[in-house]
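Pasted below: protein22.pdb, PDB, C-alpha atoms.
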ATOM      1  CA  MET I 110      -5.073  27.181  -8.518
ATOM      2  CA  VAL I 111      -2.098  24.980  -7.606
ATOM      3  CA  THR I 112      -2.393  23.314 -10.994
ATOM      4  CA  ILE I 113      -2.224  26.630 -12.832
ATOM      5  CA  VAL I 114       0.834  27.699 -10.825
ATOM      6  CA  PHE I 115       2.453  24.337 -11.450
ATOM      7  CA  TYR I 116       1.960  24.504 -15.207
ATOM      8  CA  PHE I 117       3.093  28.127 -15.335
ATOM      9  CA  PHE I 118       6.351  27.505 -13.495
ATOM     10  CA  SER I 119       7.150  24.201 -15.172
ATOM     11  CA  THR I 120       6.661  25.822 -18.583
ATOM     12  CA  LEU I 121       8.821  28.744 -17.494
ATOM     13  CA  THR I 122      11.572  26.386 -16.282
ATOM     14  CA  LEU I 123      11.578  24.279 -19.414
ATOM     15  CA  LEU I 124      11.512  27.284 -21.763
ATOM     16  CA  ALA I 125      14.354  28.960 -19.885
ATOM     17  CA  ALA I 126      16.364  25.723 -20.005
ATOM     18  CA  LEU I 127      15.745  25.520 -23.743
ATOM     19  CA  PHE I 128      16.971  29.082 -24.188
ATOM     20  CA  VAL I 129      20.115  28.233 -22.216
ATOM     21  CA  VAL I 130      20.892  25.599 -24.817
ATOM     22  CA  VAL I 131      19.995  27.468 -28.005
ATOM     23  CA  ASN I 132      21.317  30.928 -27.117
ATOM     24  CA  ARG I 133      24.466  31.958 -28.959
ATOM     25  CA  ASN I 134      25.411  34.592 -26.384
ATOM     26  CA  THR I 135      26.911  33.172 -23.196
ATOM     27  CA  VAL I 136      25.639  36.022 -21.005
ATOM     28  CA  ASN I 137      22.080  35.477 -22.249
ATOM     29  CA  SER I 138      22.466  31.776 -21.467
ATOM     30  CA  ALA I 139      23.465  32.630 -17.905
ATOM     31  CA  MET I 140      20.460  34.933 -17.497
ATOM     32  CA  CYS I 141      18.075  32.239 -18.770
ATOM     33  CA  MET I 142      19.786  29.867 -16.342
ATOM     34  CA  ILE I 143      18.827  32.132 -13.434
ATOM     35  CA  VAL I 144      15.202  32.068 -14.620
ATOM     36  CA  ALA I 145      15.328  28.265 -14.808
ATOM     37  CA  PHE I 146      16.667  28.031 -11.261
ATOM     38  CA  VAL I 147      13.983  30.368  -9.944
ATOM     39  CA  GLY I 148      11.387  28.195 -11.688
ATOM     40  CA  VAL I 149      12.773  25.072 -10.027
ATOM     41  CA  ALA I 150      12.681  26.905  -6.687
ATOM     42  CA  ALA I 151       9.006  27.719  -7.293
ATOM     43  CA  LEU I 152       8.335  24.030  -7.950
ATOM     44  CA  PHE I 153      10.077  23.306  -4.632
ATOM     45  CA  VAL I 154       7.649  25.712  -2.963
ATOM     46  CA  LEU I 155       4.748  23.823  -4.543
ATOM     47  CA  LEU I 156       6.236  20.631  -3.062
ATOM     48  CA  GLN I 157       6.320  22.397   0.318
ATOM     49  CA  ALA I 158      10.119  22.296   0.534
ATOM     50  CA  TYR I 159      10.401  25.944   1.518
ATOM     51  CA  PHE I 160      13.879  25.633   3.013
ATOM     52  CA  LEU I 161      15.223  23.994  -0.146
ATOM     53  CA  ALA I 162      13.568  26.653  -2.317
ATOM     54  CA  MET I 163      15.343  29.352  -0.337
ATOM     55  CA  LEU I 164      18.605  27.424  -0.583
ATOM     56  CA  GLN I 165      18.158  26.978  -4.322
ATOM     57  CA  ILE I 166      17.728  30.712  -4.848
ATOM     58  CA  VAL I 167      20.544  31.761  -2.508
ATOM     59  CA  VAL I 168      23.112  29.187  -3.605
ATOM     60  CA  TYR I 169      22.270  28.593  -7.270
ATOM     61  CA  ALA I 170      20.637  31.755  -8.560
ATOM     62  CA  GLY I 171      22.809  33.856  -6.252
ATOM     63  CA  ALA I 172      26.282  32.488  -5.680
ATOM     64  CA  VAL I 173      26.796  30.022  -8.515
ATOM     65  CA  MET I 174      25.402  32.196 -11.285
ATOM     66  CA  VAL I 175      27.325  35.254 -10.053
ATOM     67  CA  LEU I 176      30.454  33.111 -10.246
ATOM     68  CA  PHE I 177      29.512  32.094 -13.790
ATOM     69  CA  LEU I 178      28.924  35.701 -14.831
ATOM     70  CA  PHE I 179      32.247  36.762 -13.319
ATOM     71  CA  ILE I 180      34.083  34.097 -15.293
ATOM     72  CA  ILE I 181      32.207  34.936 -18.505
ATOM     73  CA  MET I 182      33.194  38.590 -18.192
ATOM     74  CA  LEU I 183      36.739  37.681 -17.195
ATOM     75  CA  LEU I 184      37.292  35.461 -20.206
ATOM     76  CA  ASP I 185      35.240  37.442 -22.740
ATOM     77  CA  THR I 186      35.659  34.954 -25.560
ATOM     78  CA  GLN I 187      32.379  35.048 -27.397
ATOM     79  CA  ALA I 188      33.174  37.832 -29.857
ATOM     80  CA  ARG I 189      36.306  36.255 -31.215
ATOM     81  CA  GLU I 190      35.616  32.600 -31.656
ATOM     82  CA  ARG I 191      32.207  31.439 -32.676
ATOM     83  CA  VAL I 192      32.043  27.872 -33.834
ATOM     84  CA  ARG I 193      28.972  26.873 -35.800
ATOM     85  CA  PHE I 194      26.937  23.809 -34.913
ATOM     86  CA  GLY I 195      27.900  20.838 -37.050
ATOM     87  CA  ARG I 196      25.269  18.634 -38.599
ATOM     88  CA  ALA I 197      26.455  15.657 -36.531
ATOM     89  CA  ASP I 198      26.125  17.696 -33.331
ATOM     90  CA  ILE I 199      22.550  18.651 -34.091
ATOM     91  CA  VAL I 200      21.593  15.084 -34.979
ATOM     92  CA  ALA I 201      23.284  13.702 -31.854
ATOM     93  CA  GLY I 202      21.664  16.318 -29.632
ATOM     94  CA  ALA I 203      18.208  15.793 -31.104
ATOM     95  CA  VAL I 204      18.429  11.992 -30.885
ATOM     96  CA  ALA I 205      19.682  12.146 -27.291
ATOM     97  CA  PHE I 206      16.952  14.601 -26.330
ATOM     98  CA  ILE I 207      14.185  12.556 -27.907
ATOM     99  CA  CYS I 208      15.399   9.269 -26.408
ATOM    100  CA  LEU I 209      15.927  10.670 -22.919
ATOM    101  CA  ALA I 210      12.738  12.729 -22.820
ATOM    102  CA  PHE I 211      10.613   9.909 -24.224
ATOM    103  CA  GLY I 212      12.113   7.399 -21.794
ATOM    104  CA  ALA I 213      11.720   9.684 -18.809
ATOM    105  CA  VAL I 214       8.128  10.582 -19.643
ATOM    106  CA  TRP I 215       7.295   6.934 -20.302
ATOM    107  CA  LEU I 216       8.793   5.900 -16.954
ATOM    108  CA  ALA I 217       6.972   8.695 -15.141
ATOM    109  CA  ARG I 218       3.656   7.759 -16.781
ATOM    110  CA  HIS I 219       4.053   4.146 -15.724
ATOM    111  CA  TYR I 220       4.992   4.966 -12.163
ATOM    112  CA  PRO I 221       2.150   3.906  -9.855
ATOM    113  CA  VAL I 222      -0.114   6.802  -9.044
ATOM    114  CA  GLY I 223       0.221   7.484  -5.356
ATOM    115  CA  VAL I 224      -2.279   9.339  -3.277
ATOM    116  CA  THR I 225      -1.544  13.026  -3.003
ATOM    117  CA  PRO I 226      -0.435  13.488   0.602
ATOM    118  CA  PRO I 227      -2.111  16.052   2.839
ATOM    119  CA  PRO I 228      -0.279  19.332   3.442
ATOM    120  CA  ALA I 229       2.917  18.693   5.360
ATOM    121  CA  PRO I 230       3.099  19.833   8.987
ATOM    122  CA  ALA I 231       5.661  22.371  10.112
ATOM    123  CA  MET I 232       7.200  19.962  12.579
ATOM    124  CA  PRO I 233       7.439  16.164  12.210
ATOM    125  CA  PRO I 234       5.544  14.018  14.721
ATOM    126  CA  SER I 235       7.637  12.966  17.693
ATOM    127  CA  ASP I 236       7.295   9.250  17.005
ATOM    128  CA  ASN I 237       8.679   9.665  13.462
ATOM    129  CA  PRO I 238      11.155  12.569  13.454
ATOM    130  CA  LEU I 239      12.296  11.899   9.870
ATOM    131  CA  ALA I 240       8.835  12.347   8.375
ATOM    132  CA  TYR I 241       8.362  15.068   5.791
ATOM    133  CA  ALA I 242       8.011  18.485   7.418
ATOM    134  CA  THR I 243       8.545  22.034   6.273
ATOM    135  CA  SER I 244      10.577  23.627   9.050
ATOM    136  CA  ALA I 245      14.344  24.014   8.896
ATOM    137  CA  LYS I 246      14.481  22.233  12.250
ATOM    138  CA  ALA I 247      13.343  19.014  10.580
ATOM    139  CA  PHE I 248      16.303  19.330   8.199
ATOM    140  CA  GLY I 249      18.685  19.896  11.106
ATOM    141  CA  TYR I 250      17.406  16.816  12.896
ATOM    142  CA  GLY I 251      17.993  14.600   9.878
ATOM    143  CA  LEU I 252      21.392  16.105   9.152
ATOM    144  CA  PHE I 253      22.693  15.575  12.666
ATOM    145  CA  THR I 254      21.305  12.101  13.278
ATOM    146  CA  ARG I 255      21.061   9.767  10.327
ATOM    147  CA  TYR I 256      23.198  11.773   7.936
ATOM    148  CA  LEU I 257      25.885  12.932  10.356
ATOM    149  CA  LEU I 258      28.790  11.240   8.558
ATOM    150  CA  PRO I 259      27.870  12.544   5.063
ATOM    151  CA  PHE I 260      27.432  15.959   6.645
ATOM    152  CA  GLN I 261      30.982  15.925   8.020
ATOM    153  CA  VAL I 262      32.372  14.555   4.755
ATOM    154  CA  THR I 263      30.636  17.359   2.854
ATOM    155  CA  GLY I 264      32.318  19.889   5.131
ATOM    156  CA  PHE I 265      35.708  18.384   4.338
ATOM    157  CA  LEU I 266      34.819  18.396   0.656
ATOM    158  CA  LEU I 267      34.199  22.129   0.815
ATOM    159  CA  LEU I 268      37.574  22.643   2.517
ATOM    160  CA  ILE I 269      39.333  20.559  -0.140
ATOM    161  CA  ALA I 270      37.562  22.476  -2.913
ATOM    162  CA  MET I 271      38.627  25.784  -1.382
ATOM    163  CA  VAL I 272      42.284  24.755  -1.137
ATOM    164  CA  GLY I 273      42.174  23.343  -4.657
ATOM    165  CA  VAL I 274      40.697  26.511  -6.123
ATOM    166  CA  ILE I 275      43.316  28.693  -4.445
ATOM    167  CA  LEU I 276      46.067  26.451  -5.797
ATOM    168  CA  LEU I 277      44.571  26.321  -9.296
ATOM    169  CA  SER I 278      44.049  30.031  -9.668
ATOM    170  CA  LYS I 279      47.490  30.953  -8.394
ATOM    171  CA  ARG I 280      49.800  32.248 -11.088
ATOM    172  CA  LEU I 281      52.737  29.874 -11.032
ATOM    173  CA  PRO I 282      56.004  30.664 -12.875
ATOM    174  CA  PRO I 283      57.149  28.265 -15.601
ATOM    175  CA  PRO I 284      58.718  25.137 -14.102
ATOM    176  CA  ASP I 285      62.259  25.771 -15.458
ATOM    177  CA  SER I 286      62.569  29.446 -14.573
ATOM    178  CA  GLY I 287      64.071  28.773 -11.148
ATOM    179  CA  VAL I 288      61.746  31.233  -9.438
ATOM    180  CA  LYS I 289      60.219  29.995  -6.238
ATOM    181  CA  PRO I 290      56.436  30.103  -6.550
ATOM    182  CA  ASP I 291      55.994  31.607  -3.110
ATOM    183  CA  SER I 292      58.411  34.530  -3.538
ATOM    184  CA  PRO I 293      56.418  37.754  -3.308
TER
ATOM    185  CA  MET Z 190      -6.916  18.232  -9.139
ATOM    186  CA  THR Z 191      -3.451  19.051  -7.854
ATOM    187  CA  PRO Z 192      -0.453  17.863  -9.884
ATOM    188  CA  GLY Z 193       0.724  14.446  -8.779
ATOM    189  CA  LEU Z 194       4.076  12.766  -8.633
ATOM    190  CA  GLN Z 195       3.975  11.885 -12.325
ATOM    191  CA  ALA Z 196       3.721  15.534 -13.345
ATOM    192  CA  TYR Z 197       6.814  16.496 -11.357
ATOM    193  CA  LEU Z 198       8.750  13.496 -12.649
ATOM    194  CA  THR Z 199       7.817  14.418 -16.220
ATOM    195  CA  VAL Z 200       9.107  17.961 -15.770
ATOM    196  CA  ALA Z 201      12.299  16.640 -14.193
ATOM    197  CA  GLY Z 202      12.840  14.173 -17.029
ATOM    198  CA  ILE Z 203      12.372  16.776 -19.750
ATOM    199  CA  LEU Z 204      14.657  19.195 -17.905
ATOM    200  CA  PHE Z 205      17.332  16.507 -17.687
ATOM    201  CA  ALA Z 206      16.971  15.725 -21.399
ATOM    202  CA  ILE Z 207      17.339  19.413 -22.302
ATOM    203  CA  GLY Z 208      20.510  19.627 -20.219
ATOM    204  CA  PHE Z 209      21.925  16.501 -21.814
ATOM    205  CA  ALA Z 210      21.178  17.737 -25.320
ATOM    206  CA  GLY Z 211      22.929  20.986 -24.421
ATOM    207  CA  VAL Z 212      26.049  19.127 -23.298
ATOM    208  CA  LEU Z 213      26.137  17.340 -26.643
ATOM    209  CA  LEU Z 214      25.292  20.376 -28.773
ATOM    210  CA  ARG Z 215      27.288  23.246 -27.384
ATOM    211  CA  ARG Z 216      30.987  23.821 -27.942
ATOM    212  CA  ASN Z 217      31.575  26.458 -25.270
ATOM    213  CA  THR Z 218      32.921  24.966 -22.054
ATOM    214  CA  LEU Z 219      31.031  27.455 -19.880
ATOM    215  CA  VAL Z 220      27.682  26.636 -21.498
ATOM    216  CA  ILE Z 221      28.400  22.914 -21.197
ATOM    217  CA  TYR Z 222      28.976  23.518 -17.519
ATOM    218  CA  MET Z 223      25.674  25.371 -17.178
ATOM    219  CA  CYS Z 224      23.874  22.486 -18.870
ATOM    220  CA  LEU Z 225      25.444  20.119 -16.337
ATOM    221  CA  GLU Z 226      23.954  22.300 -13.611
ATOM    222  CA  LEU Z 227      20.566  22.024 -15.324
ATOM    223  CA  MET Z 228      20.813  18.237 -15.182
ATOM    224  CA  LEU Z 229      21.653  18.428 -11.470
ATOM    225  CA  SER Z 230      18.618  20.649 -10.925
ATOM    226  CA  ALA Z 231      16.412  18.119 -12.676
ATOM    227  CA  THR Z 232      17.606  15.348 -10.347
ATOM    228  CA  THR Z 233      17.040  17.500  -7.280
ATOM    229  CA  LEU Z 234      13.499  18.229  -8.450
ATOM    230  CA  ALA Z 235      12.814  14.512  -8.838
ATOM    231  CA  LEU Z 236      14.283  13.802  -5.395
ATOM    232  CA  VAL Z 237      12.168  16.444  -3.673
ATOM    233  CA  ALA Z 238       9.061  15.158  -5.451
ATOM    234  CA  PHE Z 239       9.740  11.573  -4.311
ATOM    235  CA  SER Z 240      10.433  12.829  -0.807
ATOM    236  CA  ARG Z 241       7.180  14.790  -0.633
ATOM    237  CA  PHE Z 242       5.005  12.046  -2.037
ATOM    238  CA  ASN Z 243       6.565   9.327   0.114
ATOM    239  CA  GLY Z 244       6.385  11.394   3.278
ATOM    240  CA  THR Z 245      10.023  11.021   4.279
ATOM    241  CA  MET Z 246      12.767  13.583   4.727
ATOM    242  CA  ASP Z 247      15.550  11.554   3.078
ATOM    243  CA  GLY Z 248      15.222  12.869  -0.468
ATOM    244  CA  ALA Z 249      15.144  16.462   0.708
ATOM    245  CA  LEU Z 250      18.290  15.869   2.797
ATOM    246  CA  PHE Z 251      19.991  14.401  -0.258
ATOM    247  CA  VAL Z 252      19.130  17.556  -2.164
ATOM    248  CA  PHE Z 253      20.925  19.504   0.552
ATOM    249  CA  PHE Z 254      24.089  17.478  -0.101
ATOM    250  CA  ILE Z 255      23.690  17.751  -3.864
ATOM    251  CA  ILE Z 256      23.503  21.550  -3.673
ATOM    252  CA  THR Z 257      26.645  21.661  -1.538
ATOM    253  CA  VAL Z 258      28.619  19.351  -3.794
ATOM    254  CA  ALA Z 259      27.426  21.224  -6.890
ATOM    255  CA  ALA Z 260      28.656  24.510  -5.453
ATOM    256  CA  ALA Z 261      32.083  23.002  -4.713
ATOM    257  CA  GLU Z 262      32.154  21.446  -8.187
ATOM    258  CA  VAL Z 263      31.322  24.732  -9.887
ATOM    259  CA  SER Z 264      34.063  26.606  -8.050
ATOM    260  CA  VAL Z 265      36.726  24.022  -8.902
ATOM    261  CA  GLY Z 266      35.534  23.633 -12.489
ATOM    262  CA  LEU Z 267      35.534  27.356 -13.168
ATOM    263  CA  ALA Z 268      39.036  27.642 -11.679
ATOM    264  CA  ILE Z 269      40.155  24.896 -14.058
ATOM    265  CA  ILE Z 270      38.542  26.720 -16.991
ATOM    266  CA  VAL Z 271      40.329  29.953 -16.060
ATOM    267  CA  ALA Z 272      43.656  28.122 -15.764
ATOM    268  CA  LEU Z 273      42.999  26.499 -19.151
ATOM    269  CA  TYR Z 274      42.208  29.862 -20.732
ATOM    270  CA  ARG Z 275      45.432  31.347 -19.397
ATOM    271  CA  ARG Z 276      47.470  28.603 -20.996
ATOM    272  CA  ARG Z 277      45.621  27.955 -24.259
ATOM    273  CA  HIS Z 278      43.629  31.186 -24.831
ATOM    274  CA  THR Z 279      40.515  29.289 -25.808
ATOM    275  CA  ILE Z 280      37.639  27.547 -24.025
ATOM    276  CA  GLN Z 281      36.043  25.999 -27.112
ATOM    277  CA  VAL Z 282      36.141  22.232 -26.832
ATOM    278  CA  ASP Z 283      36.845  21.969 -30.566
ATOM    279  CA  HIS Z 284      40.262  23.518 -29.977
ATOM    280  CA  LEU Z 285      41.052  21.542 -26.835
ATOM    281  CA  ASN Z 286      41.804  18.305 -28.668
ATOM    282  CA  TYR Z 287      45.345  17.418 -27.622
ATOM    283  CA  LEU Z 288      44.224  14.087 -26.228
ATOM    284  CA  LYS Z 289      42.191  13.229 -29.330
ATOM    285  CA  PHE Z 290      43.516  10.195 -31.156
TER
END
As structure tokens:
Amino acid sequence: MVTIVFYFFSTLTLLAALFVVVNRNTVNSAMCMIVAFVGVAALFVLLQAYFLAMLQIVVYAGAVMVLFLFIIMLLDTQARERVRFGRADIVAGAVAFICLAFGAVWLARHYPVGVTPPPAPAMPPSDNPLAYATSAKAFGYGLFTRYLLPFQVTGFLLLIAMVGVILLSKRLPPPDSGVKPDSP
Amino acid sequence: MTPGLQAYLTVAGILFAIGFAGVLLRRNTLVIYMCLELMLSATTLALVAFSRFNGTMDGALFVFFIITVAAAEVSVGLAIIVALYRRRHTIQVDHLNYLKF
């Protein structure tokens, strides 16, 4: 049963990713992207990372793709300029795909086969709090103990990104016009 | 027989290769950006698989950080694309070749 679900969702993910690449219409690409993200989230569920699956759907398939669709509709460029694939592009893409995919599959096949672990508990055992567990509490424990500094740095990164985006999307007057940028 | 670590790693590798091919093939900046996100997804899938099969939480916590950084990156990148479109009226990388030698 798990095997069938795994093959179904991995095929769905890979097909959707392929359609993202080959689709001429940008909006269709974005829609296929959402399907690919939902497929990856389903694979997370199979790996018993329920919290990450939820996060993947909320952040990627929700927020990020909505942002992409907004920008696509704001720019609306696909009708006017359509550049055809060059022969060199297709050759380069195909060669890169074959090399990378072959290498990755070869590496994965030669990775030592580990034993499939038993189903993960909801809470980690008390003598090893960073063991794999499914509850969000286990995530919180790791984030606030071993990964406290990266956690804080990530918060600052979000602040910097927010300030940067506001600055970038502000409509500034030309530099020599003498108008102060902040004048309402 | 449940799928093992190798199966997940294979899917992640192929997903990464598809994203990379898309970055090379496509000429639309937005689609290139989406393909970058695909590659990030592939790495997160590999990390979660390693984390699950090794029984530690570290890979899953890294995925948490990767998702956060990817969200910040997307917002800044799309703002840059909008600013670029305002100035140059194109987002095709073929036309954005001022720095080309």
I want to know what sits within 10 Å of Z:Phe251, based on all atoms listed in the file, with residues of the same chain fewer than 5 positions away left out; could you give that as an MDAnalysis selection string?
(chainID I and resid 252 256 259) or (chainID Z and resid 233 236:237 240 246 256:257)
What are the closest atom pairs, with distances in Å to one decimal, for all residues of chain Z lying within 6 Å of chain I? Consider all atoms listed in the file, order rows by chain and residue number, and present the result as JSON lines.
{"residue": "Z:Thr191", "atom": "CA", "partner": "I:Thr112", "partner_atom": "CA", "distance": 5.4}
{"residue": "Z:Pro192", "atom": "CA", "partner": "I:Thr112", "partner_atom": "CA", "distance": 5.9}
{"residue": "Z:Gln195", "atom": "CA", "partner": "I:Ala217", "partner_atom": "CA", "distance": 5.2}
{"residue": "Z:Leu198", "atom": "CA", "partner": "I:Ala217", "partner_atom": "CA", "distance": 5.7}
{"residue": "Z:Thr199", "atom": "CA", "partner": "I:Val214", "partner_atom": "CA", "distance": 5.2}
{"residue": "Z:Gly202", "atom": "CA", "partner": "I:Ala213", "partner_atom": "CA", "distance": 5.0}
{"residue": "Z:Ile203", "atom": "CA", "partner": "I:Ala210", "partner_atom": "CA", "distance": 5.1}
{"residue": "Z:Ala206", "atom": "CA", "partner": "I:Phe206", "partner_atom": "CA", "distance": 5.1}
{"residue": "Z:Ala210", "atom": "CA", "partner": "I:Gly202", "partner_atom": "CA", "distance": 4.6}
{"residue": "Z:Gly211", "atom": "CA", "partner": "I:Val130", "partner_atom": "CA", "distance": 5.1}
{"residue": "Z:Leu213", "atom": "CA", "partner": "I:Gly202", "partner_atom": "CA", "distance": 5.5}
{"residue": "Z:Leu214", "atom": "CA", "partner": "I:Asp198", "partner_atom": "CA", "distance": 5.4}
{"residue": "Z:Gly244", "atom": "CA", "partner": "I:Tyr241", "partner_atom": "CA", "distance": 4.9}
{"residue": "Z:Thr245", "atom": "CA", "partner": "I:Ala240", "partner_atom": "CA", "distance": 4.5}
{"residue": "Z:Met246", "atom": "CA", "partner": "I:Tyr241", "partner_atom": "CA", "distance": 4.8}
{"residue": "Z:Ala261", "atom": "CA", "partner": "I:Ala270", "partner_atom": "CA", "distance": 5.8}
{"residue": "Z:Val265", "atom": "CA", "partner": "I:Val274", "partner_atom": "CA", "distance": 5.4}
{"residue": "Z:Ala268", "atom": "CA", "partner": "I:Ser278", "partner_atom": "CA", "distance": 5.9}
Quick one: write out the picked residues with C-alpha atoms as a PDB file, in the coordinates of the input?
ATOM      1  CA  THR Z 191      -3.451  19.051  -7.854  1.00  0.00           C
ATOM      2  CA  PRO Z 192      -0.453  17.863  -9.884  1.00  0.00           C
ATOM      3  CA  GLN Z 195       3.975  11.885 -12.325  1.00  0.00           C
ATOM      4  CA  LEU Z 198       8.750  13.496 -12.649  1.00  0.00           C
ATOM      5  CA  THR Z 199       7.817  14.418 -16.220  1.00  0.00           C
ATOM      6  CA  GLY Z 202      12.840  14.173 -17.029  1.00  0.00           C
ATOM      7  CA  ILE Z 203      12.372  16.776 -19.750  1.00  0.00           C
ATOM      8  CA  ALA Z 206      16.971  15.725 -21.399  1.00  0.00           C
ATOM      9  CA  ALA Z 210      21.178  17.737 -25.320  1.00  0.00           C
ATOM     10  CA  GLY Z 211      22.929  20.986 -24.421  1.00  0.00           C
ATOM     11  CA  LEU Z 213      26.137  17.340 -26.643  1.00  0.00           C
ATOM     12  CA  LEU Z 214      25.292  20.376 -28.773  1.00  0.00           C
ATOM     13  CA  GLY Z 244       6.385  11.394   3.278  1.00  0.00           C
ATOM     14  CA  THR Z 245      10.023  11.021   4.279  1.00  0.00           C
ATOM     15  CA  MET Z 246      12.767  13.583   4.727  1.00  0.00           C
ATOM     16  CA  ALA Z 261      32.083  23.002  -4.713  1.00  0.00           C
ATOM     17  CA  VAL Z 265      36.726  24.022  -8.902  1.00  0.00           C
ATOM     18  CA  ALA Z 268      39.036  27.642 -11.679  1.00  0.00           C
TER      19      ALA Z 268
END
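The space separating atom CA of Z:Leu219 from atom CA of Z:Leu267 comes to 8.1 Å.
Between atom CA of Z:Leu227 and atom CA of I:Ala231 the separation is 29.5 Å.
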Atom CA of I:Val262 and atom CA of Z:Val258 are how many Å apart?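 It comes out at 10.5 Å.
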Looking at Z:Phe290, Z:Leu250, Z:Thr279, Z:Leu204, which one is nearest to Z:Asn217, with distances taken over only C-alpha atoms?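 Distance minimum relative to Z:Asn217 lands on Z:Thr279.
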If you count all atoms listed in the file, the residue of Z:Ala259, Z:Leu194, Z:Arg276, Z:Gly266 closest to Z:Asn243 turns out to be Z:Leu194
Selection under test: the PyMOL selection byres ((chain Z and resi 229) around 9); residues as a PyMOL selection string | chain Z and resi 205+208+224-228+230-234+255-256+259
Please define a box with edges along x, y and z of the file around all atoms of stretch 259-265 of chain Z given in the file, extend it by 8 Å on each side, and return its centre and edge lengths in Å to one decimal, as lines of an AutoDock Vina configuration file.
center_x = 32.1
center_y = 23.9
center_z = -7.3
size_x = 25.3
size_y = 21.4
size_z = 21.2
